[in-house]
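File shown here: query31.cif, holding mmCIF, C-alpha atoms and all ligand atoms.
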```
data_coords
loop_
_atom_site.label_atom_id
_atom_site.label_comp_id
_atom_site.auth_asym_id
_atom_site.auth_seq_id
_atom_site.Cartn_x
_atom_site.Cartn_y
_atom_site.Cartn_z
CA MET P 146 0.00 0.00 0.00
CA VAL P 147 1.23 3.50 -0.83
CA GLN P 148 2.10 5.25 2.45
CA SER P 149 3.02 8.71 1.26
CA VAL P 150 2.16 10.87 -1.74
CA THR P 151 4.03 14.02 -2.76
CA LEU P 152 2.70 16.25 -5.51
CA ARG P 153 3.21 19.70 -6.92
CA ARG P 154 1.31 22.21 -4.79
CA PRO P 155 -2.30 22.06 -6.06
CA ASP P 156 -4.88 24.78 -6.77
CA ASP P 157 -8.53 24.94 -5.69
CA MET P 158 -10.40 26.04 -8.79
CA HIS P 159 -13.69 26.80 -6.93
CA LEU P 160 -13.69 28.23 -3.44
CA HIS P 161 -15.97 30.35 -1.24
CA LEU P 162 -13.94 32.35 1.28
CA ARG P 163 -16.67 34.73 2.52
CA ASP P 164 -15.54 37.88 4.33
CA GLY P 165 -14.70 39.35 7.75
CA ASN P 166 -14.57 36.93 10.68
CA THR P 167 -15.45 33.91 8.59
CA LEU P 168 -12.75 34.72 6.02
CA ARG P 169 -10.14 34.89 8.78
CA ALA P 170 -11.35 31.59 10.25
CA VAL P 171 -11.48 29.54 7.03
CA LEU P 172 -8.66 30.95 4.86
CA PRO P 173 -5.72 29.19 6.59
CA TYR P 174 -7.25 25.78 5.85
CA SER P 175 -7.17 26.43 2.12
CA ALA P 176 -3.85 28.28 2.10
CA ARG P 177 -1.94 25.50 3.82
CA GLN P 178 -2.87 23.11 0.98
CA PHE P 179 -3.41 25.18 -2.14
CA GLY P 180 -1.11 27.62 -3.92
CA ARG P 181 -4.00 29.48 -5.56
CA ALA P 182 -7.77 29.43 -5.59
CA ILE P 183 -10.48 30.75 -7.87
CA VAL P 184 -12.47 32.82 -5.38
CA MET P 185 -16.24 32.94 -5.78
CA PRO P 186 -17.87 36.41 -5.85
CA ASN P 187 -21.22 35.65 -4.15
CA LEU P 188 -20.73 37.98 -1.21
CA LYS P 189 -23.50 40.24 0.05
CA PRO P 190 -23.44 42.51 -1.93
CA PRO P 191 -21.84 40.50 -4.76
CA VAL P 192 -18.45 41.37 -6.28
CA THR P 193 -19.52 42.94 -9.56
CA THR P 194 -16.85 45.57 -10.27
CA VAL P 195 -13.09 45.75 -10.68
CA GLY P 196 -12.88 47.99 -7.62
CA ALA P 197 -14.84 45.53 -5.47
CA ALA P 198 -12.69 42.60 -6.64
CA ARG P 199 -9.49 44.51 -5.94
CA ALA P 200 -10.70 45.44 -2.45
CA TYR P 201 -11.83 41.86 -1.71
CA ARG P 202 -8.46 40.52 -2.86
CA ALA P 203 -6.74 42.95 -0.49
CA ARG P 204 -8.96 41.76 2.41
CA ILE P 205 -8.10 38.13 1.64
CA LEU P 206 -4.37 38.88 1.58
CA ALA P 207 -4.67 40.86 4.82
CA ALA P 208 -6.36 37.84 6.46
CA LEU P 209 -3.59 35.47 5.38
CA PRO P 210 -1.26 34.31 8.18
CA ALA P 211 2.31 35.49 7.56
CA SER P 212 3.59 31.91 7.49
CA LEU P 213 1.54 30.98 4.40
CA THR P 214 1.72 31.93 0.74
CA PHE P 215 -1.47 31.92 -1.29
CA GLU P 216 -2.72 33.70 -4.39
CA PRO P 217 -6.45 34.49 -4.59
CA LEU P 218 -7.65 34.60 -8.21
CA MET P 219 -10.66 36.87 -8.37
CA THR P 220 -13.94 36.50 -10.24
CA ALA P 221 -16.75 38.90 -11.05
CA TYR P 222 -20.41 38.08 -10.44
CA LEU P 223 -22.24 38.36 -13.76
CA CYS P 224 -25.50 40.34 -13.75
CA ASP P 225 -27.89 41.21 -16.57
CA ASN P 226 -26.50 44.76 -16.51
CA THR P 227 -22.75 43.97 -16.25
CA ASP P 228 -20.76 46.41 -18.40
CA PRO P 229 -18.56 44.46 -20.86
CA GLU P 230 -15.89 47.17 -20.60
CA GLU P 231 -15.68 46.66 -16.83
CA ILE P 232 -14.86 42.99 -17.42
CA ARG P 233 -12.30 43.87 -20.08
CA LYS P 234 -10.67 46.36 -17.74
CA GLY P 235 -10.55 43.85 -14.86
CA PHE P 236 -8.94 41.22 -17.06
CA ASN P 237 -6.43 43.60 -18.63
CA GLU P 238 -5.48 45.02 -15.23
CA ARG P 239 -4.96 41.45 -13.95
CA VAL P 240 -7.57 41.85 -11.22
CA LEU P 241 -10.18 39.49 -12.68
CA THR P 242 -9.30 35.94 -13.77
CA ALA P 243 -12.81 34.79 -14.68
CA VAL P 244 -16.52 35.62 -14.54
CA LYS P 245 -19.12 33.59 -12.64
CA LEU P 246 -22.58 33.01 -14.06
CA TYR P 247 -25.29 32.12 -11.56
CA PRO P 248 -28.69 31.63 -13.15
CA ALA P 249 -30.85 34.06 -11.12
CA GLY P 250 -32.08 32.35 -7.96
CA ALA P 251 -30.20 29.07 -8.55
CA THR P 252 -28.39 29.01 -5.20
CA THR P 253 -27.00 30.93 -2.20
CA HIS P 254 -26.80 34.66 -2.98
CA ALA P 255 -27.76 34.07 -6.62
CA GLU P 256 -30.63 36.55 -6.57
CA TYR P 257 -28.65 39.08 -8.64
CA GLY P 258 -27.74 36.43 -11.24
CA VAL P 259 -28.47 36.24 -14.93
CA THR P 260 -32.10 35.92 -16.09
CA GLY P 261 -31.17 34.81 -19.63
CA THR P 262 -27.87 34.38 -21.49
CA ASP P 263 -29.11 36.71 -24.23
CA LYS P 264 -28.94 39.50 -21.61
CA VAL P 265 -25.17 39.10 -21.26
CA ALA P 266 -24.21 38.40 -24.89
CA LYS P 267 -22.02 41.53 -25.15
CA VAL P 268 -20.05 40.53 -22.05
CA LEU P 269 -19.58 37.02 -23.43
CA ASP P 270 -18.35 38.48 -26.76
CA VAL P 271 -15.65 40.39 -24.89
CA MET P 272 -14.67 37.37 -22.77
CA GLN P 273 -14.43 35.21 -25.87
CA GLU P 274 -12.15 37.79 -27.46
CA LEU P 275 -9.96 37.96 -24.32
CA GLY P 276 -9.83 34.20 -23.70
CA MET P 277 -11.35 34.82 -20.26
CA PRO P 278 -13.15 31.79 -18.77
CA LEU P 279 -16.87 31.81 -17.93
CA LEU P 280 -17.63 29.73 -14.83
CA ILE P 281 -21.16 28.38 -14.79
CA HIS P 282 -23.43 27.17 -12.02
CA GLY P 283 -25.21 24.78 -14.35
CA GLU P 284 -28.74 24.29 -13.07
CA SER P 285 -32.10 25.10 -14.55
CA THR P 286 -34.04 27.51 -12.34
CA ASP P 287 -37.45 26.52 -13.66
CA PRO P 288 -39.38 25.80 -10.43
CA GLY P 289 -41.31 23.11 -12.28
CA VAL P 290 -38.16 21.04 -12.79
CA ASP P 291 -37.34 18.41 -10.18
CA VAL P 292 -34.35 19.50 -8.08
CA PHE P 293 -32.49 16.29 -8.98
CA ASP P 294 -32.94 16.94 -12.74
CA ARG P 295 -31.87 20.59 -12.85
CA GLU P 296 -28.29 20.01 -13.94
CA ALA P 297 -29.03 17.46 -16.65
CA LEU P 298 -31.72 19.73 -18.08
CA PHE P 299 -29.41 22.75 -18.12
CA LEU P 300 -27.02 20.98 -20.51
CA ASP P 301 -29.48 20.97 -23.40
CA SER P 302 -31.50 24.05 -22.49
CA THR P 303 -28.60 26.45 -21.89
CA LEU P 304 -25.07 25.08 -22.14
CA LYS P 305 -25.31 23.62 -25.62
CA PRO P 306 -26.80 26.76 -27.19
CA LEU P 307 -24.18 28.84 -25.36
CA LEU P 308 -21.34 26.75 -26.78
CA ASP P 309 -22.84 27.07 -30.26
CA THR P 310 -23.39 30.83 -30.04
CA PHE P 311 -19.91 31.56 -28.64
CA PRO P 312 -17.66 29.05 -30.42
CA ALA P 313 -14.42 30.23 -28.81
CA LEU P 314 -15.66 31.01 -25.28
CA LYS P 315 -13.82 29.05 -22.56
CA ILE P 316 -16.30 27.55 -20.11
CA VAL P 317 -15.95 25.71 -16.81
CA LEU P 318 -19.08 23.83 -15.79
CA GLU P 319 -18.71 24.07 -12.04
CA HIS P 320 -19.22 21.30 -9.46
CA ILE P 321 -20.74 18.73 -11.84
CA THR P 322 -22.93 16.14 -10.17
CA THR P 323 -24.42 13.92 -12.87
CA GLU P 324 -23.48 11.24 -15.36
CA GLN P 325 -24.99 13.44 -18.08
CA ALA P 326 -22.68 16.37 -17.25
CA ALA P 327 -19.64 14.09 -16.96
CA GLU P 328 -20.38 12.62 -20.38
CA PHE P 329 -21.19 15.99 -21.93
CA VAL P 330 -17.84 17.47 -20.89
CA ASP P 331 -15.92 14.30 -21.69
CA ALA P 332 -17.38 14.24 -25.22
CA ASP P 333 -16.18 17.77 -26.02
CA SER P 334 -12.87 17.63 -27.83
CA SER P 335 -12.39 21.37 -28.36
CA GLY P 336 -10.37 21.87 -25.19
CA ARG P 337 -12.43 24.94 -24.25
CA LEU P 338 -14.93 23.15 -22.01
CA ALA P 339 -13.93 21.74 -18.63
CA ALA P 340 -15.51 20.85 -15.28
CA THR P 341 -14.67 20.99 -11.60
CA ILE P 342 -15.71 18.17 -9.24
CA THR P 343 -16.15 18.48 -5.46
CA PRO P 344 -15.03 15.94 -2.85
CA GLN P 345 -18.58 15.42 -1.58
CA HIS P 346 -19.93 14.44 -4.99
CA LEU P 347 -17.14 11.86 -5.35
CA LEU P 348 -17.58 10.41 -1.86
CA PHE P 349 -21.32 10.44 -1.22
CA ASN P 350 -24.62 9.88 -2.95
CA ARG P 351 -27.93 11.44 -1.93
CA ASN P 352 -28.58 8.82 0.76
CA ALA P 353 -26.04 10.69 2.91
CA MET P 354 -28.55 13.50 3.39
CA PHE P 355 -31.13 11.13 4.87
CA THR P 356 -29.19 8.50 6.84
CA GLY P 357 -31.11 8.02 10.10
CA GLY P 358 -32.65 11.49 9.80
CA LEU P 359 -32.16 14.74 7.96
CA ARG P 360 -28.47 15.64 7.72
CA PRO P 361 -28.08 19.28 6.75
CA HIS P 362 -24.29 19.16 6.62
CA TYR P 363 -24.52 17.03 3.48
CA TYR P 364 -26.74 19.56 1.74
CA CYS P 365 -25.21 21.61 -1.04
CA LEU P 366 -26.23 22.78 -4.50
CA PRO P 367 -26.24 21.15 -6.91
CA VAL P 368 -27.59 18.56 -4.50
CA LEU P 369 -25.99 15.09 -4.11
CA LYS P 370 -27.37 12.64 -6.67
CA ARG P 371 -27.93 8.88 -7.07
CA GLU P 372 -25.09 6.34 -6.86
CA GLN P 373 -24.90 5.93 -10.65
CA HIS P 374 -23.92 9.60 -10.92
CA ARG P 375 -21.31 9.39 -8.18
CA LEU P 376 -19.70 6.47 -10.00
CA ALA P 377 -19.65 8.38 -13.31
CA LEU P 378 -17.96 11.34 -11.60
CA ARG P 379 -15.33 9.03 -10.10
CA ARG P 380 -14.66 7.56 -13.54
CA VAL P 381 -14.01 10.89 -15.24
CA ALA P 382 -12.12 12.44 -12.30
CA THR P 383 -9.67 9.56 -12.16
CA SER P 384 -9.53 8.95 -15.93
CA GLY P 385 -6.59 11.26 -16.56
CA SER P 386 -8.68 13.47 -18.88
CA PRO P 387 -7.42 17.08 -18.77
CA SER P 388 -11.02 18.36 -18.87
CA PHE P 389 -11.69 17.57 -15.19
CA PHE P 390 -10.03 19.21 -12.23
CA LEU P 391 -10.18 19.94 -8.54
CA GLY P 392 -12.61 22.57 -7.29
CA THR P 393 -13.82 21.99 -3.75
CA ASP P 394 -16.77 24.40 -3.68
CA SER P 395 -15.95 24.61 0.03
CA ALA P 396 -18.82 26.83 1.18
CA PRO P 397 -18.82 27.65 4.90
CA HIS P 398 -22.06 28.52 6.68
CA GLU P 399 -22.47 29.00 10.37
CA ARG P 400 -23.85 25.88 12.03
CA ALA P 401 -27.12 27.58 13.04
CA ALA P 402 -27.76 28.63 9.43
CA LYS P 403 -27.48 25.02 8.28
CA GLU P 404 -29.29 23.36 11.20
CA ALA P 405 -32.43 25.40 10.60
CA ALA P 406 -35.98 25.06 9.33
CA CYS P 407 -34.70 26.35 5.98
CA GLY P 408 -31.00 25.46 6.05
CA CYS P 409 -28.39 26.96 3.75
CA ALA P 410 -26.76 24.99 0.95
CA GLY P 411 -23.02 24.52 1.24
CA ILE P 412 -20.43 22.09 2.60
CA PHE P 413 -17.29 23.33 4.33
CA SER P 414 -14.67 20.93 3.01
CA ALA P 415 -11.53 23.10 3.11
CA PRO P 416 -9.91 21.51 6.20
CA THR P 417 -10.01 18.00 4.71
CA ALA P 418 -10.20 18.68 0.98
CA LEU P 419 -6.99 17.15 -0.33
CA GLU P 420 -7.25 14.15 1.97
CA ALA P 421 -10.83 13.52 0.83
CA TYR P 422 -9.89 13.64 -2.86
CA LEU P 423 -6.86 11.42 -2.33
CA THR P 424 -9.07 8.85 -0.58
CA VAL P 425 -11.13 8.64 -3.79
CA PHE P 426 -8.07 8.28 -6.02
CA GLU P 427 -6.67 5.56 -3.77
CA GLN P 428 -9.97 3.65 -3.82
CA GLU P 429 -9.98 3.87 -7.63
CA ASN P 430 -6.34 2.71 -7.88
CA ALA P 431 -5.48 6.00 -9.54
CA ILE P 432 -3.04 7.67 -7.16
CA ASP P 433 -0.72 8.14 -10.14
CA ARG P 434 -3.36 10.43 -11.71
CA PHE P 435 -4.01 12.53 -8.64
CA GLU P 436 -1.40 15.19 -9.40
CA ALA P 437 -2.87 15.87 -12.86
CA PHE P 438 -6.35 16.36 -11.34
CA ALA P 439 -5.17 18.48 -8.40
CA SER P 440 -2.20 20.45 -9.72
CA GLU P 441 -2.03 20.40 -13.53
CA ASN P 442 -5.34 20.23 -15.41
CA GLY P 443 -6.90 23.31 -13.85
CA ARG P 444 -3.95 25.62 -14.07
CA ARG P 445 -3.36 24.59 -17.69
CA PHE P 446 -6.98 25.34 -18.59
CA TYR P 447 -6.60 28.79 -17.02
CA GLY P 448 -3.19 29.34 -18.67
CA LEU P 449 -1.41 29.66 -15.32
CA PRO P 450 2.19 28.60 -14.60
CA PRO P 451 2.78 25.57 -12.38
CA ASN P 452 3.01 26.27 -8.65
CA GLU P 453 6.38 26.15 -6.97
CA GLY P 454 6.71 23.74 -4.07
CA THR P 455 4.96 20.53 -3.06
CA VAL P 456 2.53 19.01 -0.60
CA THR P 457 2.96 15.61 1.01
CA LEU P 458 0.14 13.46 2.34
CA THR P 459 0.76 10.39 4.50
CA HIS P 460 -1.42 7.49 5.55
CA GLU P 461 -2.37 8.29 9.14
CA PRO P 462 -5.53 9.34 10.98
CA ASN P 463 -6.66 12.79 9.91
CA ASP P 464 -6.63 15.41 12.65
CA ALA P 465 -8.83 18.11 11.10
CA PRO P 466 -11.17 19.77 13.62
CA ARG P 467 -14.81 18.68 13.67
CA SER P 468 -15.79 22.32 13.74
CA VAL P 469 -14.08 25.67 13.31
CA PRO P 470 -14.95 28.34 15.91
CA LEU P 471 -16.14 31.79 14.83
CA GLY P 472 -16.32 33.31 18.33
CA GLU P 473 -19.45 34.21 20.34
CA GLY P 474 -20.36 30.52 20.49
CA LYS P 475 -20.68 30.30 16.70
CA SER P 476 -18.96 27.67 14.58
CA ILE P 477 -18.77 25.99 11.18
CA GLU P 478 -19.04 22.20 10.90
CA THR P 479 -16.30 20.49 8.89
CA PHE P 480 -16.93 17.91 6.20
CA ILE P 481 -15.76 14.39 7.25
CA ALA P 482 -13.58 15.21 10.21
CA ASP P 483 -12.60 13.32 13.36
CA GLY P 484 -10.65 10.30 12.21
CA GLU P 485 -12.96 9.43 9.33
CA LEU P 486 -10.15 9.89 6.80
CA SER P 487 -6.93 7.95 6.74
CA TRP P 488 -4.80 10.55 4.95
CA GLN P 489 -3.20 13.59 6.48
CA LEU P 490 -1.40 16.54 4.93
CA SER P 491 2.01 16.18 6.55
CA ALA P 492 4.27 18.66 4.78
CA GLN P 493 3.96 21.68 2.56
CA SER P 494 6.55 23.82 0.87
CA SER P 495 5.83 26.83 -1.26
CA ARG P 496 9.06 26.66 -3.24
O1 LIG P 501 -23.97 24.56 -1.92
C1 LIG P 501 -23.65 25.63 -2.40
N1 LIG P 501 -23.20 26.65 -1.61
N2 LIG P 501 -23.78 25.82 -3.71
C2 LIG P 501 -23.57 27.02 -4.26
O2 LIG P 501 -23.70 27.12 -5.45
C3 LIG P 501 -23.25 28.20 -3.44
C4 LIG P 501 -22.63 27.81 -2.18
C5 LIG P 501 -22.56 28.92 -1.18
O3 LIG P 501 -22.12 30.02 -1.51
O4 LIG P 501 -22.90 28.68 -0.02
ZN ZN P 502 -19.69 27.40 -5.33
#
```
Can you dump the structure from the file as C-alpha cells?
Ligand code: DOR
Ligand code: ZN
Amino acid sequence: MVQSVTLRRPDDMHLHLRDGNTLRAVLPYSARQFGRAIVMPNLKPPVTTVGAARAYRARILAALPASLTFEPLMTAYLCDNTDPEEIRKGFNERVLTAVKLYPAGATTHAEYGVTGTDKVAKVLDVMQELGMPLLIHGESTDPGVDVFDREALFLDSTLKPLLDTFPALKIVLEHITTEQAAEFVDADSSGRLAATITPQHLLFNRNAMFTGGLRPHYYCLPVLKREQHRLALRRVATSGSPSFFLGTDSAPHERAAKEAACGCAGIFSAPTALEAYLTVFEQENAIDRFEAFASENGRRFYGLPPNEGTVTLTHEPNDAPRSVPLGEGKSIETFIADGELSWQLSAQSSR
C-alpha cells in the first residue's frame, strides 16, 4: 500500500472564502494546501466591479497568516447589466481571472444572477475575445423542474446553445454532479470546455442527506445525486482526462444557518479537501493520476504557470477539527472530520 504521496502544490479552482470573521477563520485551511484558488464572488453585496474585486483581494491577503503563501484569483459576479468594458478592464489590469454566471435564484446569494444568457451576450463576446473563462453554475431555475434533474436539463436548455453561439468562449461547468454532465464534458474535444468536481460528490450519494434522519451538513447545490452519478464522476475524475479538475466548492455557513428550518446549501470541506480527494483516487487505484487532477489540469486550462513547491500526504488518521470556531459561540461544521479519513497533509513547501 502506498504510504506517502508528494505532488506539486495544487490549486482549488472553486472556493468560497466569505468575508470578515469567517474569512479569517477559514482561509488558513485552504492556504496550507493550495497555492492558488479561484475565489467565488457571491458575497453580500456581490463582487460585480473591478474595484470591489481589488478590495476583496486585499482583504483576503490581509487575512492570510504570515507563514503561508497563497494567491487568490478573483472572479466577477455576472449580472444582466454587467458592463462588458468593466470585465475587459478587470482582465487587462490582472484583477479578474474569470466571470461567474449564476442563473438568477439558482443558489445561495444568486438573486442578482443572470435571467437569460441573451442578456449578457455583449459581455460574453468580450470574454471570448480575451480568452477569459466563464464559470457556470449549471442548473435550470425553472421551479417546475425536479431538483435532482436541474443540472441534466441545463445541458441541453442552456449550455449547448451557449457553446454554439460563442464558439471560442472558454467555459468551466462548475461542481458537476451527474453522469450526463460528466459525459457531456468528456465528449467535447475542443479543449475549451472543462468541469470541476467536489469531494462530496465523489464520496457520497444522496442517501447521505437522509441516513437516520435529515443531515443538513450534506446539503449543497447542486444537490448530491444517485449512486450511478457518483460512479460516473469518479470515472471521469480519475480517468486522466485534462477536462476535469479539482474545485472543492468549500462553502462555509455557520452551524445555526445550516441546522435550521430552511437550512443553507453549502459544505465546508476546506480543512479535509486534499485528503478527501486522495481517498477517492486511492480507492480507484489511480493515485498516479491525482497530481494531474489536483495540480495540472486546472492551471493549464486557465493558462497559469505551475506552482512552486509541493505538498505531502501520508497514511495516518486525519486530525482536522470537527468544527471551526467563529467566536461568540458560533462555529462551522467540517466535512468528514474526526478520524474518518486515513490521509493527512504532513508537509507543505511553497518553493
Ligand atoms: O452549496 C452551495 N453553496 N452551492 C452554491 O452554489 C453556493 C454555495 C454557497 O455560496 O454557499
Ligand atoms: Zn460554489
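Separating CA of Ala326 (chain P) from CA of Pro344 (chain P) is a distance of 16.3 Å.
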Worksheet item: Which neighbours of region 292-295 of chain P fall inside 10 Å, counting only C-alpha atoms, when residues of the same chain fewer than 6 positions from it are skipped, and could you give them as a VMD selection string?
Response: chain P and resid 251 283 to 286 322 to 323 351 366 to 371
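Compared by their closest atoms to Ala327 (chain P), and using only C-alpha atoms, the residues P:Asp263, P:Glu296, P:Asp309, P:Glu436 rank with P:Glu296 nearest.
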Fill in: Which residue of P:Thr262, P:Thr343, P:Ser212, P:Ser335 approaches ligand ZN 502 (chain P) most closely, using all atoms listed in the file
P:Thr343
Worksheet entry | Residue with smallest distance to Arg163 (chain P) - pool P:Asn237, P:Gln273, P:Gln345, P:Ser395, counting only C-alpha atoms | P:Ser395
Item to complete: Within 9 Å of ligand LIG 501 (chain P), which residues show up when you count only C-alpha atoms and all ligand atoms? List them as a PyMOL selection string, please.
Response: chain P and resi 160-163+185-188+247+251-255+282+319-320+364-368+394-398+409-413
Cut-off 12 Å: closest region 180-248 of chain P/region 454-458 of chain P atom pairs per residue, using all atoms listed in the file, as a Markdown table:
```
| residue | atom | partner | partner_atom | distance |
| --- | --- | --- | --- | --- |
| P:Gly180 | CA | P:Gly454 | CA | 8.7 |
| P:Thr214 | CA | P:Gly454 | CA | 10.7 |
| P:Phe215 | CA | P:Gly454 | CA | 11.9 |
```
With C-alpha atoms kept, could you save the residues just selected as a PDB file, in the coordinates of the input?
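That gives us result_38.pdb:
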```
ATOM      1  CA  GLY P 180      -1.110  27.620  -3.920  1.00  0.00           C
ATOM      2  CA  THR P 214       1.720  31.930   0.740  1.00  0.00           C
ATOM      3  CA  PHE P 215      -1.470  31.920  -1.290  1.00  0.00           C
TER       4      PHE P 215
END
```
Worksheet item: Could you work out how far CA of Leu223 (chain P) lies from CA of Glu328 (chain P), giving the answer in Å with one decimal?
Response: 26.6 Å
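Our summary of the geometry notes that CA of Arg233 (chain P) is positioned 12.2 Å from CA of Pro278 (chain P).
Comparing the minimum interatomic distances between Cys224 (chain P) and each of P:Val259, P:Val195, P:Ile481, P:Ala176, counting all atoms listed in the file, we find that P:Val259 sits nearest.
Nearest to ligand ZN 502 (chain P) of all the residues P:Asn350, P:Asn442, P:Thr393, P:Gln428 is P:Thr393, based on all atoms listed in the file.
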Fill in: 12 Å contact set for Leu307 (chain P), all atoms listed in the file, chain neighbours under 4 positions out, as a ChimeraX atom specification
/P:261-263,265-266,269-270,273,279,281,283,299-303,311-316,318,338
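Counting all atoms listed in the file, the residue from P:Gln373, P:Gly385, P:Ala353, P:Glu274 that sits nearest to Ala431 (chain P) is P:Gly385.
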Fill in: 12 Å contact set for Ser334 (chain P), only C-alpha atoms, chain neighbours under 4 positions out, as a VMD selection string
chain P and resid 328 to 330 338 to 339 386 to 388
At a cut-off of 9 Å, using all atoms listed in the file, what residues contact Phe480 (chain P)? Leave out same-chain residues fewer than 3 positions from it and give the result as a PDB file with C-alpha atoms, keeping the file's coordinate frame.
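Once everything was written out, this is result-v6.pdb:
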```pdb
ATOM      1  CA  GLN P 345     -18.580  15.420  -1.580  1.00  0.00           C
ATOM      2  CA  HIS P 362     -24.290  19.160   6.620  1.00  0.00           C
ATOM      3  CA  TYR P 363     -24.520  17.030   3.480  1.00  0.00           C
ATOM      4  CA  ILE P 412     -20.430  22.090   2.600  1.00  0.00           C
ATOM      5  CA  PHE P 413     -17.290  23.330   4.330  1.00  0.00           C
ATOM      6  CA  SER P 414     -14.670  20.930   3.010  1.00  0.00           C
ATOM      7  CA  ALA P 415     -11.530  23.100   3.110  1.00  0.00           C
ATOM      8  CA  PRO P 416      -9.910  21.510   6.200  1.00  0.00           C
ATOM      9  CA  THR P 417     -10.010  18.000   4.710  1.00  0.00           C
ATOM     10  CA  ALA P 418     -10.200  18.680   0.980  1.00  0.00           C
ATOM     11  CA  ARG P 467     -14.810  18.680  13.670  1.00  0.00           C
ATOM     12  CA  SER P 468     -15.790  22.320  13.740  1.00  0.00           C
TER      13      SER P 468
END
```
Item to complete: Excluding Leu241 (chain P) and residues on its chain fewer than 2 positions from it, collect all residues at most 8 Å away from it, counting only C-alpha atoms, and give them as an MDAnalysis selection string.
Response: chainID P and resid 195 198 218:221 232 235:236 238:239 243:244
